[in-house]
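**Student:** Pasting final.cif here (mmCIF, C-alpha atoms and all ligand atoms):
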data_coords
loop_
_atom_site.label_atom_id
_atom_site.label_comp_id
_atom_site.auth_asym_id
_atom_site.auth_seq_id
_atom_site.Cartn_x
_atom_site.Cartn_y
_atom_site.Cartn_z
CA MET A 73 -50.21 7.43 -28.05
CA LYS A 74 -47.81 9.47 -25.90
CA PRO A 75 -44.83 11.15 -27.65
CA ARG A 76 -41.87 8.77 -27.47
CA ILE A 77 -38.14 9.24 -27.09
CA GLY A 78 -35.46 6.56 -27.19
CA VAL A 79 -32.37 5.96 -25.10
CA LEU A 80 -29.45 3.58 -25.43
CA THR A 81 -26.19 2.96 -23.58
CA SER A 82 -23.14 2.21 -25.72
CA GLY A 83 -19.47 1.26 -25.28
CA GLY A 84 -17.94 0.07 -22.01
CA ASP A 85 -20.36 0.17 -19.07
CA CYS A 86 -19.72 2.38 -16.09
CA PRO A 87 -21.28 3.13 -12.70
CA GLY A 88 -23.97 5.80 -13.04
CA LEU A 89 -25.57 4.63 -16.31
CA ASN A 90 -28.70 3.49 -14.49
CA ALA A 91 -28.94 6.86 -12.75
CA VAL A 92 -28.98 8.47 -16.21
CA LEU A 93 -31.76 6.11 -17.37
CA ARG A 94 -33.84 6.87 -14.29
CA GLY A 95 -33.26 10.62 -14.75
CA VAL A 96 -34.35 10.38 -18.40
CA VAL A 97 -37.51 8.46 -17.50
CA LEU A 98 -38.62 10.75 -14.68
CA ALA A 99 -37.95 13.93 -16.67
CA ALA A 100 -39.71 12.48 -19.74
CA GLU A 101 -42.75 11.32 -17.77
CA LYS A 102 -43.07 14.80 -16.35
CA LEU A 103 -43.48 16.02 -19.93
CA GLY A 104 -46.00 13.25 -20.67
CA TRP A 105 -43.52 11.33 -22.86
CA GLU A 106 -42.79 7.61 -23.00
CA VAL A 107 -39.22 6.24 -23.04
CA VAL A 108 -38.09 3.35 -25.23
CA GLY A 109 -34.83 1.77 -24.00
CA PHE A 110 -32.96 0.10 -26.87
CA LYS A 111 -31.05 -2.99 -25.81
CA ASP A 112 -27.33 -3.65 -26.16
CA GLY A 113 -26.25 -0.30 -27.50
CA PHE A 114 -26.95 0.73 -31.08
CA GLU A 115 -27.57 -2.93 -32.00
CA GLY A 116 -31.05 -2.58 -30.47
CA LEU A 117 -31.92 -0.21 -33.32
CA LEU A 118 -31.62 -2.96 -35.93
CA PRO A 119 -34.88 -4.48 -37.25
CA PRO A 120 -37.24 -5.45 -35.77
CA GLY A 121 -35.98 -3.21 -32.90
CA HIS A 122 -34.89 -4.74 -29.62
CA TYR A 123 -36.18 -2.64 -26.79
CA MET A 124 -38.03 -2.37 -23.52
CA ILE A 125 -40.36 0.37 -22.37
CA LEU A 126 -38.72 2.18 -19.49
CA ASP A 127 -41.12 3.68 -17.02
CA ARG A 128 -41.18 4.78 -13.42
CA ALA A 129 -41.79 1.22 -12.15
CA ARG A 130 -39.04 -0.33 -14.31
CA THR A 131 -36.46 2.23 -13.20
CA ASP A 132 -37.42 2.30 -9.54
CA GLY A 133 -34.44 1.32 -7.37
CA ILE A 134 -31.94 1.02 -10.24
CA MET A 135 -29.88 4.10 -9.40
CA SER A 136 -27.67 2.22 -6.95
CA LEU A 137 -26.93 -0.57 -9.44
CA GLY A 138 -23.72 -0.66 -11.49
CA GLY A 139 -23.79 -1.48 -15.20
CA THR A 140 -26.83 -0.72 -17.33
CA ILE A 141 -30.22 -2.46 -17.22
CA ILE A 142 -30.59 -2.13 -21.02
CA GLY A 143 -27.19 -3.65 -21.82
CA THR A 144 -24.36 -2.28 -23.90
CA THR A 145 -21.68 -3.31 -26.37
CA ASN A 146 -18.58 -1.81 -27.91
CA LYS A 147 -18.92 -4.03 -30.98
CA GLY A 148 -21.39 -4.48 -33.83
CA HIS A 149 -22.76 -2.67 -36.86
CA PHE A 150 -22.47 0.89 -35.64
CA ILE A 151 -18.78 1.08 -34.75
CA ALA A 152 -17.45 4.45 -35.87
CA LYS A 153 -14.01 4.13 -34.33
CA ILE A 154 -11.64 1.21 -34.41
CA GLY A 155 -8.11 0.84 -33.13
CA ALA A 156 -6.18 3.91 -32.04
CA GLY A 157 -8.27 6.79 -33.35
CA GLN A 158 -9.06 5.29 -36.74
CA ARG A 159 -12.51 6.27 -37.95
CA ALA A 160 -15.01 3.98 -39.63
CA VAL A 161 -18.13 4.93 -41.49
CA VAL A 162 -21.38 3.32 -40.40
CA ALA A 163 -22.96 1.77 -43.52
CA ALA A 164 -25.75 3.91 -45.01
CA GLU A 165 -28.14 0.93 -45.07
CA VAL A 166 -27.55 0.31 -41.35
CA ILE A 167 -28.43 3.94 -40.56
CA GLU A 168 -31.49 3.64 -42.80
CA GLN A 169 -32.61 0.48 -40.98
CA ALA A 170 -32.26 2.26 -37.63
CA ARG A 171 -34.17 5.28 -38.95
CA SER A 172 -37.04 3.11 -40.12
CA VAL A 173 -37.21 1.18 -36.81
CA LEU A 174 -37.38 4.49 -34.93
CA ALA A 175 -40.08 5.76 -37.32
CA GLN A 176 -42.14 2.58 -36.91
CA LEU A 177 -41.93 2.87 -33.13
CA GLN A 178 -42.72 6.60 -33.42
CA VAL A 179 -39.58 7.52 -31.48
CA LYS A 180 -38.91 11.17 -32.25
CA ALA A 181 -35.40 11.53 -30.84
CA LEU A 182 -32.65 9.36 -29.42
CA ILE A 183 -30.47 9.87 -26.34
CA ILE A 184 -27.10 8.19 -26.80
CA VAL A 185 -25.13 7.58 -23.61
CA GLY A 186 -21.57 6.75 -24.58
CA GLY A 187 -17.95 7.71 -24.96
CA ASP A 188 -16.01 9.27 -27.79
CA GLY A 189 -16.64 6.39 -30.24
CA SER A 190 -20.39 6.40 -29.54
CA MET A 191 -20.52 10.18 -30.03
CA THR A 192 -18.80 9.71 -33.41
CA THR A 193 -21.59 7.26 -34.30
CA ALA A 194 -24.19 9.75 -33.00
CA LEU A 195 -22.86 12.37 -35.41
CA GLN A 196 -23.31 9.97 -38.31
CA LEU A 197 -26.87 9.11 -37.21
CA GLN A 198 -27.71 12.80 -36.90
CA ALA A 199 -26.37 13.38 -40.42
CA GLY A 200 -28.52 10.42 -41.54
CA GLY A 201 -31.72 12.05 -40.30
CA ILE A 202 -32.00 10.71 -36.73
CA ASP A 203 -32.27 13.42 -34.08
CA CYS A 204 -29.72 12.65 -31.38
CA ILE A 205 -28.64 13.99 -28.01
CA GLY A 206 -25.36 12.75 -26.54
CA VAL A 207 -24.62 12.03 -22.88
CA PRO A 208 -20.88 11.62 -22.24
CA LYS A 209 -19.78 8.52 -20.35
CA THR A 210 -16.36 7.19 -19.49
CA ILE A 211 -14.67 6.13 -16.29
CA ASP A 212 -11.46 7.53 -17.80
CA ASN A 213 -12.76 11.14 -17.52
CA ASP A 214 -10.77 12.08 -20.60
CA LEU A 215 -13.25 14.01 -22.75
CA GLU A 216 -12.18 17.60 -23.35
CA ALA A 217 -15.77 18.78 -23.79
CA THR A 218 -16.85 18.02 -20.23
CA ALA A 219 -15.07 18.74 -16.98
CA MET A 220 -16.34 15.49 -15.52
CA THR A 221 -18.06 12.27 -16.56
CA PHE A 222 -20.00 10.01 -14.19
CA GLY A 223 -18.27 6.71 -13.44
CA PHE A 224 -14.92 8.36 -12.81
CA ASP A 225 -15.51 8.99 -9.12
CA SER A 226 -16.58 5.36 -8.61
CA ALA A 227 -13.46 4.13 -10.40
CA VAL A 228 -11.27 6.39 -8.24
CA ALA A 229 -13.00 5.06 -5.12
CA ALA A 230 -12.22 1.48 -6.24
CA VAL A 231 -8.54 2.38 -6.73
CA ALA A 232 -8.34 4.04 -3.31
CA ASP A 233 -10.02 1.04 -1.69
CA ALA A 234 -7.57 -1.34 -3.43
CA LEU A 235 -4.60 0.75 -2.23
CA ASP A 236 -5.93 0.73 1.34
CA ARG A 237 -6.02 -3.05 1.17
CA LEU A 238 -2.61 -3.34 -0.49
CA HIS A 239 -1.08 -1.00 2.06
CA THR A 240 -1.52 -3.38 4.99
CA THR A 241 -0.09 -6.36 3.15
CA ALA A 242 2.75 -4.28 1.63
CA THR A 243 3.86 -2.98 5.04
CA SER A 244 3.53 -6.40 6.71
CA HIS A 245 5.86 -7.98 4.13
CA LYS A 246 8.00 -4.89 3.45
CA ARG A 247 7.29 -5.31 -0.25
CA ILE A 248 6.73 -3.12 -3.26
CA MET A 249 3.16 -3.44 -4.49
CA VAL A 250 2.38 -2.35 -8.04
CA LEU A 251 -1.29 -1.65 -8.84
CA GLU A 252 -2.24 -1.46 -12.53
CA VAL A 253 -5.35 0.62 -13.18
CA MET A 254 -7.32 1.71 -16.26
CA GLY A 255 -6.44 4.74 -18.34
CA ARG A 256 -5.18 4.15 -21.86
CA HIS A 257 -4.39 7.71 -22.89
CA ALA A 258 -5.12 9.70 -19.75
CA GLY A 259 -3.86 9.11 -16.23
CA TRP A 260 -6.78 10.65 -14.33
CA ILE A 261 -7.84 7.45 -12.56
CA ALA A 262 -4.25 6.68 -11.54
CA LEU A 263 -3.60 10.26 -10.42
CA HIS A 264 -6.76 10.79 -8.36
CA GLY A 265 -6.91 7.19 -7.08
CA GLY A 266 -3.22 7.26 -6.24
CA ILE A 267 -3.48 10.47 -4.24
CA ALA A 268 -6.62 9.27 -2.44
CA GLY A 269 -5.08 5.89 -1.62
CA GLY A 270 -1.73 7.21 -0.44
CA ALA A 271 0.40 5.86 -3.31
CA ASP A 272 4.14 6.56 -3.23
CA ALA A 273 4.58 6.63 -7.01
CA ILE A 274 2.10 7.20 -9.84
CA LEU A 275 3.00 6.39 -13.45
CA ILE A 276 0.75 7.93 -16.10
CA PRO A 277 0.79 8.13 -19.91
CA GLU A 278 1.31 11.90 -19.89
CA ILE A 279 4.59 11.74 -17.92
CA PRO A 280 7.00 9.15 -19.35
CA PHE A 281 8.84 7.51 -16.49
CA ASP A 282 12.45 6.54 -16.03
CA TYR A 283 13.22 3.21 -14.32
CA GLU A 284 16.43 4.56 -12.82
CA LYS A 285 14.68 7.53 -11.24
CA LEU A 286 11.88 5.35 -9.95
CA THR A 287 14.41 2.92 -8.48
CA ASP A 288 16.41 5.73 -6.85
CA PHE A 289 13.20 7.07 -5.35
CA ILE A 290 12.31 3.71 -3.81
CA LYS A 291 15.86 3.23 -2.52
CA ARG A 292 15.76 6.69 -0.92
CA ARG A 293 12.48 5.77 0.75
CA GLU A 294 14.07 2.58 2.01
CA ALA A 295 17.09 4.50 3.38
CA ALA A 296 14.67 6.83 5.19
CA GLY A 297 12.99 3.84 6.85
CA ASN A 298 10.01 3.27 4.54
CA LEU A 299 10.41 -0.42 3.84
CA SER A 300 7.36 -0.80 1.61
CA SER A 301 6.18 1.22 -1.38
CA MET A 302 3.01 1.37 -3.43
CA VAL A 303 3.23 2.18 -7.12
CA VAL A 304 0.10 2.91 -9.17
CA VAL A 305 0.52 2.38 -12.91
CA ALA A 306 -2.03 3.48 -15.52
CA GLU A 307 -2.38 0.83 -18.22
CA GLY A 308 -1.15 3.32 -20.83
CA ALA A 309 1.94 4.46 -18.88
CA THR A 310 5.12 4.46 -20.91
CA PRO A 311 8.76 4.25 -19.89
CA LYS A 312 11.00 6.95 -21.36
CA ASP A 313 12.27 5.68 -24.71
CA GLY A 314 9.96 2.67 -24.30
CA GLN A 315 6.65 1.39 -25.64
CA GLN A 316 3.12 1.15 -24.26
CA VAL A 317 2.12 -2.42 -23.44
CA LEU A 318 -0.81 -3.31 -25.66
CA HIS A 319 -1.86 -5.83 -28.24
CA GLN A 320 -4.20 -5.77 -31.19
CA THR A 321 -7.10 -8.22 -31.19
CA GLU A 322 -8.23 -10.06 -34.32
CA ALA A 323 -11.04 -7.52 -34.65
CA GLY A 324 -8.45 -4.73 -34.89
CA GLU A 325 -9.15 -3.40 -31.41
CA TYR A 326 -6.20 -2.25 -29.28
CA ARG A 327 -6.28 -3.74 -25.79
CA PHE A 328 -4.06 -2.40 -23.05
CA GLY A 329 -2.76 -4.26 -20.03
CA GLY A 330 0.48 -5.76 -18.79
CA ILE A 331 2.58 -2.71 -17.91
CA GLY A 332 2.06 -3.44 -14.18
CA ASP A 333 3.86 -6.78 -14.48
CA VAL A 334 6.69 -5.23 -16.49
CA VAL A 335 7.18 -2.49 -13.89
CA ALA A 336 7.04 -5.00 -11.01
CA HIS A 337 9.64 -7.19 -12.71
CA GLU A 338 12.00 -4.26 -13.35
CA LEU A 339 11.65 -2.90 -9.81
CA ALA A 340 12.31 -6.30 -8.26
CA ALA A 341 15.46 -6.68 -10.37
CA ARG A 342 16.71 -3.15 -9.73
CA THR A 343 15.93 -2.83 -6.00
CA GLY A 344 16.32 -6.45 -4.93
CA LYS A 345 13.03 -6.12 -3.08
CA GLU A 346 10.16 -8.54 -3.23
CA THR A 347 7.60 -6.99 -5.56
CA ARG A 348 4.07 -8.04 -6.48
CA CYS A 349 1.67 -6.78 -9.11
CA CYS A 350 -2.10 -6.53 -8.80
CA VAL A 351 -4.25 -5.68 -11.82
CA LEU A 352 -7.47 -4.00 -10.74
CA GLY A 353 -9.12 -4.38 -14.17
CA HIS A 354 -12.89 -4.37 -14.39
CA LEU A 355 -13.32 -4.23 -10.62
CA GLN A 356 -12.93 -0.48 -11.07
CA ARG A 357 -15.78 -0.37 -13.59
CA GLY A 358 -18.36 -2.50 -11.78
CA GLY A 359 -20.37 -2.17 -8.62
CA ALA A 360 -22.52 0.54 -7.11
CA PRO A 361 -21.90 4.14 -8.20
CA THR A 362 -20.72 6.66 -5.63
CA THR A 363 -23.16 9.37 -4.56
CA LEU A 364 -21.37 11.87 -6.80
CA ASP A 365 -21.87 9.62 -9.85
CA ARG A 366 -25.53 9.03 -8.98
CA ILE A 367 -26.11 12.77 -8.82
CA LEU A 368 -24.13 13.57 -11.98
CA GLY A 369 -25.85 10.73 -13.87
CA THR A 370 -29.27 11.99 -12.76
CA ARG A 371 -28.43 15.56 -13.81
CA PHE A 372 -27.14 14.39 -17.20
CA GLY A 373 -30.27 12.30 -17.86
CA VAL A 374 -32.63 15.14 -16.95
CA LYS A 375 -30.63 17.61 -19.08
CA ALA A 376 -30.75 15.29 -22.11
CA VAL A 377 -34.57 15.29 -21.97
CA GLN A 378 -34.60 19.09 -21.64
CA LEU A 379 -32.36 19.35 -24.72
CA ILE A 380 -34.84 17.26 -26.72
CA ASN A 381 -37.68 19.45 -25.49
CA GLU A 382 -35.77 22.55 -26.59
CA GLY A 383 -34.83 21.01 -29.94
CA HIS A 384 -31.05 21.15 -29.44
CA PHE A 385 -30.40 18.11 -31.58
CA GLY A 386 -26.81 17.18 -32.33
CA SER A 387 -25.79 18.41 -28.86
CA MET A 388 -24.01 16.65 -26.06
CA VAL A 389 -24.60 17.26 -22.37
CA SER A 390 -21.52 18.78 -20.78
CA TYR A 391 -20.50 19.64 -17.21
CA GLN A 392 -18.73 22.97 -16.89
CA ASN A 393 -18.26 25.26 -13.88
CA TYR A 394 -20.57 23.14 -11.71
CA GLN A 395 -23.40 23.54 -14.25
CA VAL A 396 -24.80 20.99 -16.68
CA GLN A 397 -24.75 22.62 -20.10
CA HIS A 398 -24.49 21.43 -23.70
CA VAL A 399 -22.02 21.60 -26.58
CA PRO A 400 -22.29 20.50 -30.23
CA ILE A 401 -21.35 16.80 -30.49
CA ALA A 402 -19.21 17.77 -33.49
CA ASP A 403 -17.02 19.91 -31.22
CA ALA A 404 -16.77 17.19 -28.58
CA VAL A 405 -15.53 14.17 -30.52
CA ASN A 406 -11.91 13.21 -30.89
CA ARG A 407 -10.70 15.70 -28.30
CA LEU A 408 -9.06 14.13 -25.30
CA ARG A 409 -8.51 15.87 -21.97
CA LEU A 410 -5.15 14.78 -20.64
CA VAL A 411 -3.37 15.36 -17.35
CA GLN A 412 -1.13 18.42 -17.70
CA PRO A 413 2.26 17.62 -16.15
CA SER A 414 2.48 21.17 -14.77
CA SER A 415 -1.05 21.18 -13.31
CA GLN A 416 -1.84 21.94 -9.68
CA MET A 417 -2.97 18.34 -9.11
CA VAL A 418 0.39 16.94 -10.22
CA GLU A 419 2.21 19.59 -8.17
CA THR A 420 0.13 18.69 -5.11
CA ALA A 421 1.02 15.05 -5.58
CA ARG A 422 4.70 15.94 -5.77
CA ASP A 423 4.31 18.07 -2.62
CA VAL A 424 3.14 15.00 -0.70
CA GLU A 425 6.25 13.17 -1.92
CA ILE A 426 4.63 11.18 -4.70
CA SER A 427 7.06 10.36 -7.51
CA PHE A 428 6.04 10.25 -11.17
CA GLY A 429 9.23 8.41 -11.99
CA ASP A 430 10.55 11.41 -13.91
O1 LIG B 1 -12.59 3.41 -21.79
C1 LIG B 1 -12.96 2.76 -20.67
C2 LIG B 1 -12.12 1.54 -20.40
O2 LIG B 1 -12.55 1.09 -19.15
C3 LIG B 1 -10.62 1.73 -20.47
O3 LIG B 1 -10.06 2.39 -19.39
C4 LIG B 1 -10.13 0.31 -20.66
O4 LIG B 1 -8.89 0.24 -21.29
C5 LIG B 1 -11.20 -0.26 -21.53
O5 LIG B 1 -12.37 0.49 -21.32
C6 LIG B 1 -11.46 -1.71 -21.31
O6 LIG B 1 -12.39 -2.13 -22.25
P1 LIG B 1 -13.02 -3.60 -22.27
O7 LIG B 1 -14.08 -3.66 -21.24
O8 LIG B 1 -13.57 -3.73 -23.64
O9 LIG B 1 -11.92 -4.55 -21.98
#
Please re-express this file's structure in structure tokens.
**Tutor:**
Amino acid sequence: MKPRIGVLTSGGDCPGLNAVLRGVVLAAEKLGWEVVGFKDGFEGLLPPGHYMILDRARTDGIMSLGGTIIGTTNKGHFIAKIGAGQRAVVAAEVIEQARSVLAQLQVKALIIVGGDGSMTTALQLQAGGIDCIGVPKTIDNDLEATAMTFGFDSAVAAVADALDRLHTTATSHKRIMVLEVMGRHAGWIALHGGIAGGADAILIPEIPFDYEKLTDFIKRREAAGNLSSMVVVAEGATPKDGQQVLHQTEAGEYRFGGIGDVVAHELAARTGKETRCCVLGHLQRGGAPTTLDRILGTRFGVKAVQLINEGHFGSMVSYQNYQVQHVPIADAVNRLRLVQPSSQMVETARDVEISFGD
């Protein structure tokens, strides 16, 4: 039997996951290894093991598909993070069950493609005797340990496309259009998407905004002859002295969403202008990955196989200085990369007359 490695995708899906899977398979086959794809995140590791063999034929043509062909979940028995940063411990018997399934299937190491929560689980599996390699994934692009994650560029492209569409209707009706986008703690999607789509104002969690300043800005635009305005709001944006708009689900999970409507309502009342809100939601997470995400996903998948071959267990693939490298997973978890209000990107946005409402 050929040496076997496993791979699973965990947490929210994002464009580029299938490129990672294809990269893993092609790099593994080159080494004469077989790849076992566990279904629906870590849950596929539970007895009797829910998996499919991933080979060249099964992964042919999947790179351009969004989502993940092996499924994913952000729920279940392996959750290591709940709510806002709270940690949970994966039960020892669950880790033992996973270890024995992997042993029975003769899978010698596991590639875990996921975000911060999944990497926290990976650390616990590694401590429980399962050799793991992490591949970072989040459309939010907010992991400190890697300069970029695949999925982000596709999300930004979706925001820019939405703004292009909103622009024509906003100008026709001389309205304010508010676009709510993802980004609970970090405003990267709003910032990059807003710049690319020609937004007039961008509200992000890192820069608390002031309704009066935002209103004055829109009124000044109006006085200068700009009768419509486009405002991008990250779901985690917060008004000065205000609260983030989120609610806790019965399972204890914090779900964001709703700030766009609040901002639209306030702006309508304060400016007297017709204002509409559009929530982009999961449209920015689905669909075909951009070329950049296909390439990054492929590079990450290939690197993960190399890391197994070199025995760098407990490491996570990381993109730094245009190179795909690796860092200890332990150093990567729980460290968010946020937009710095004094960064060049924010300054550039201000230079093209974008307001942050501050
Ligand atoms: O972390 C990725 C992300 O897309 C966030 O930006 C968003 O708040 C969240 O996932 C949505 O999660 P779900 O698909 O569970 O609603």
**Student:** Do you know which residues are at most 12 Å from Ala234 of chain A counting all atoms listed in the file, after dropping those on the same chain fewer than 4 positions away, and could you put them as a PyMOL selection string?
**Tutor:** chain A and resi 227-230+238-242+249-253+262+265-266+268-271+302-304+350-353+355-356
**Student:** May I have the residues within 12 Å of Ile367 of chain A as a VMD selection string, using only C-alpha atoms and disregarding those fewer than 2 positions away in the same chain?
**Tutor:** chain A and resid 87 to 92 94 to 95 135 to 136 221 to 223 225 361 to 365 369 to 374 396
**Student:** Only C-alpha atoms, please: the residues just picked out, written as a CSV table (one decimal), keeping the file's coordinate frame.
**Tutor:**
chain,number,residue,atom,x,y,z
A,87,PRO,CA,-21.3,3.1,-12.7
A,88,GLY,CA,-24.0,5.8,-13.0
A,89,LEU,CA,-25.6,4.6,-16.3
A,90,ASN,CA,-28.7,3.5,-14.5
A,91,ALA,CA,-28.9,6.9,-12.8
A,92,VAL,CA,-29.0,8.5,-16.2
A,94,ARG,CA,-33.8,6.9,-14.3
A,95,GLY,CA,-33.3,10.6,-14.8
A,135,MET,CA,-29.9,4.1,-9.4
A,136,SER,CA,-27.7,2.2,-7.0
A,221,THR,CA,-18.1,12.3,-16.6
A,222,PHE,CA,-20.0,10.0,-14.2
A,223,GLY,CA,-18.3,6.7,-13.4
A,225,ASP,CA,-15.5,9.0,-9.1
A,361,PRO,CA,-21.9,4.1,-8.2
A,362,THR,CA,-20.7,6.7,-5.6
A,363,THR,CA,-23.2,9.4,-4.6
A,364,LEU,CA,-21.4,11.9,-6.8
A,365,ASP,CA,-21.9,9.6,-9.8
A,369,GLY,CA,-25.8,10.7,-13.9
A,370,THR,CA,-29.3,12.0,-12.8
A,371,ARG,CA,-28.4,15.6,-13.8
A,372,PHE,CA,-27.1,14.4,-17.2
A,373,GLY,CA,-30.3,12.3,-17.9
A,374,VAL,CA,-32.6,15.1,-17.0
A,396,VAL,CA,-24.8,21.0,-16.7
**Student:** Would you give me, as a Markdown table, each residue of chain A having an atom within 6 Å of an atom of ligand LIG 1 (chain B), along with its shortest atom pair and that distance in Å to one decimal, using only C-alpha atoms and all ligand atoms and sorting by chain and residue number?
**Tutor:**
| residue | atom | partner | partner_atom | distance |
| --- | --- | --- | --- | --- |
| A:Gly84 | CA | B:LIG1 | O7 | 5.4 |
| A:Thr210 | CA | B:LIG1 | C1 | 5.7 |
| A:Ile211 | CA | B:LIG1 | C1 | 5.8 |
| A:Asp212 | CA | B:LIG1 | O3 | 5.6 |
| A:Met254 | CA | B:LIG1 | O3 | 4.2 |
| A:Gly255 | CA | B:LIG1 | O3 | 4.4 |
| A:Arg256 | CA | B:LIG1 | O4 | 5.4 |
| A:Phe328 | CA | B:LIG1 | O4 | 5.8 |
**Student:** Tell me which of A:Leu318, A:Ala163, A:Ala295, A:Leu339 sits closest to His257 of chain A, counting only C-alpha atoms.
**Tutor:**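 Looking at the shortest contact to His257 of chain A, the residue is A:Leu318.
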**Student:** What's the separation between atom CA of Ile261 of chain A and atom CA of Thr192 of chain A, in Å to one decimal place?
**Tutor:**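 So the answer is 23.7 Å.
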**Student:** Which neighbours of segment 342-348 of chain A fall inside 10 Å, counting only C-alpha atoms, when residues of the same chain fewer than 4 positions from it are skipped, and could you give them as an MDAnalysis selection string?
**Tutor:** chainID A and resid 242 245:251 283:284 286:288 290:291 294 299:302 332:333 335:338
**Student:** Have a look at A:Ile426, A:Ser244, A:Gly359, A:Glu216 and name the one nearest to Arg293 of chain A; count all atoms listed in the file.
**Tutor:**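 That would be A:Ile426, the residue with the smallest distance to Arg293 of chain A.
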**Student:** Counting all atoms listed in the file, figure out which residue out of A:Leu137, A:Leu177, A:Met73, A:Val411 gets nearest to Gly109 of chain A.
**Tutor:**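 Looking at the shortest contact to Gly109 of chain A, the residue is A:Leu177.
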**Student:** Just the number, please: distance in Å from atom CA of Val179 of chain A to atom CA of Gly138 of chain A, one decimal.
**Tutor:** 26.8 Å
**Student:** Would you please work out which residue, of A:Ile184, A:Met388, A:Ile202, A:Ile276, is nearest to Ser172 of chain A when using only C-alpha atoms?
**Tutor:** A:Ile202
**Student:** A:Gly330, A:Ile380, A:Thr310, A:Lys111: which is nearest Ala99 of chain A, counting only C-alpha atoms?
**Tutor:** A:Ile380
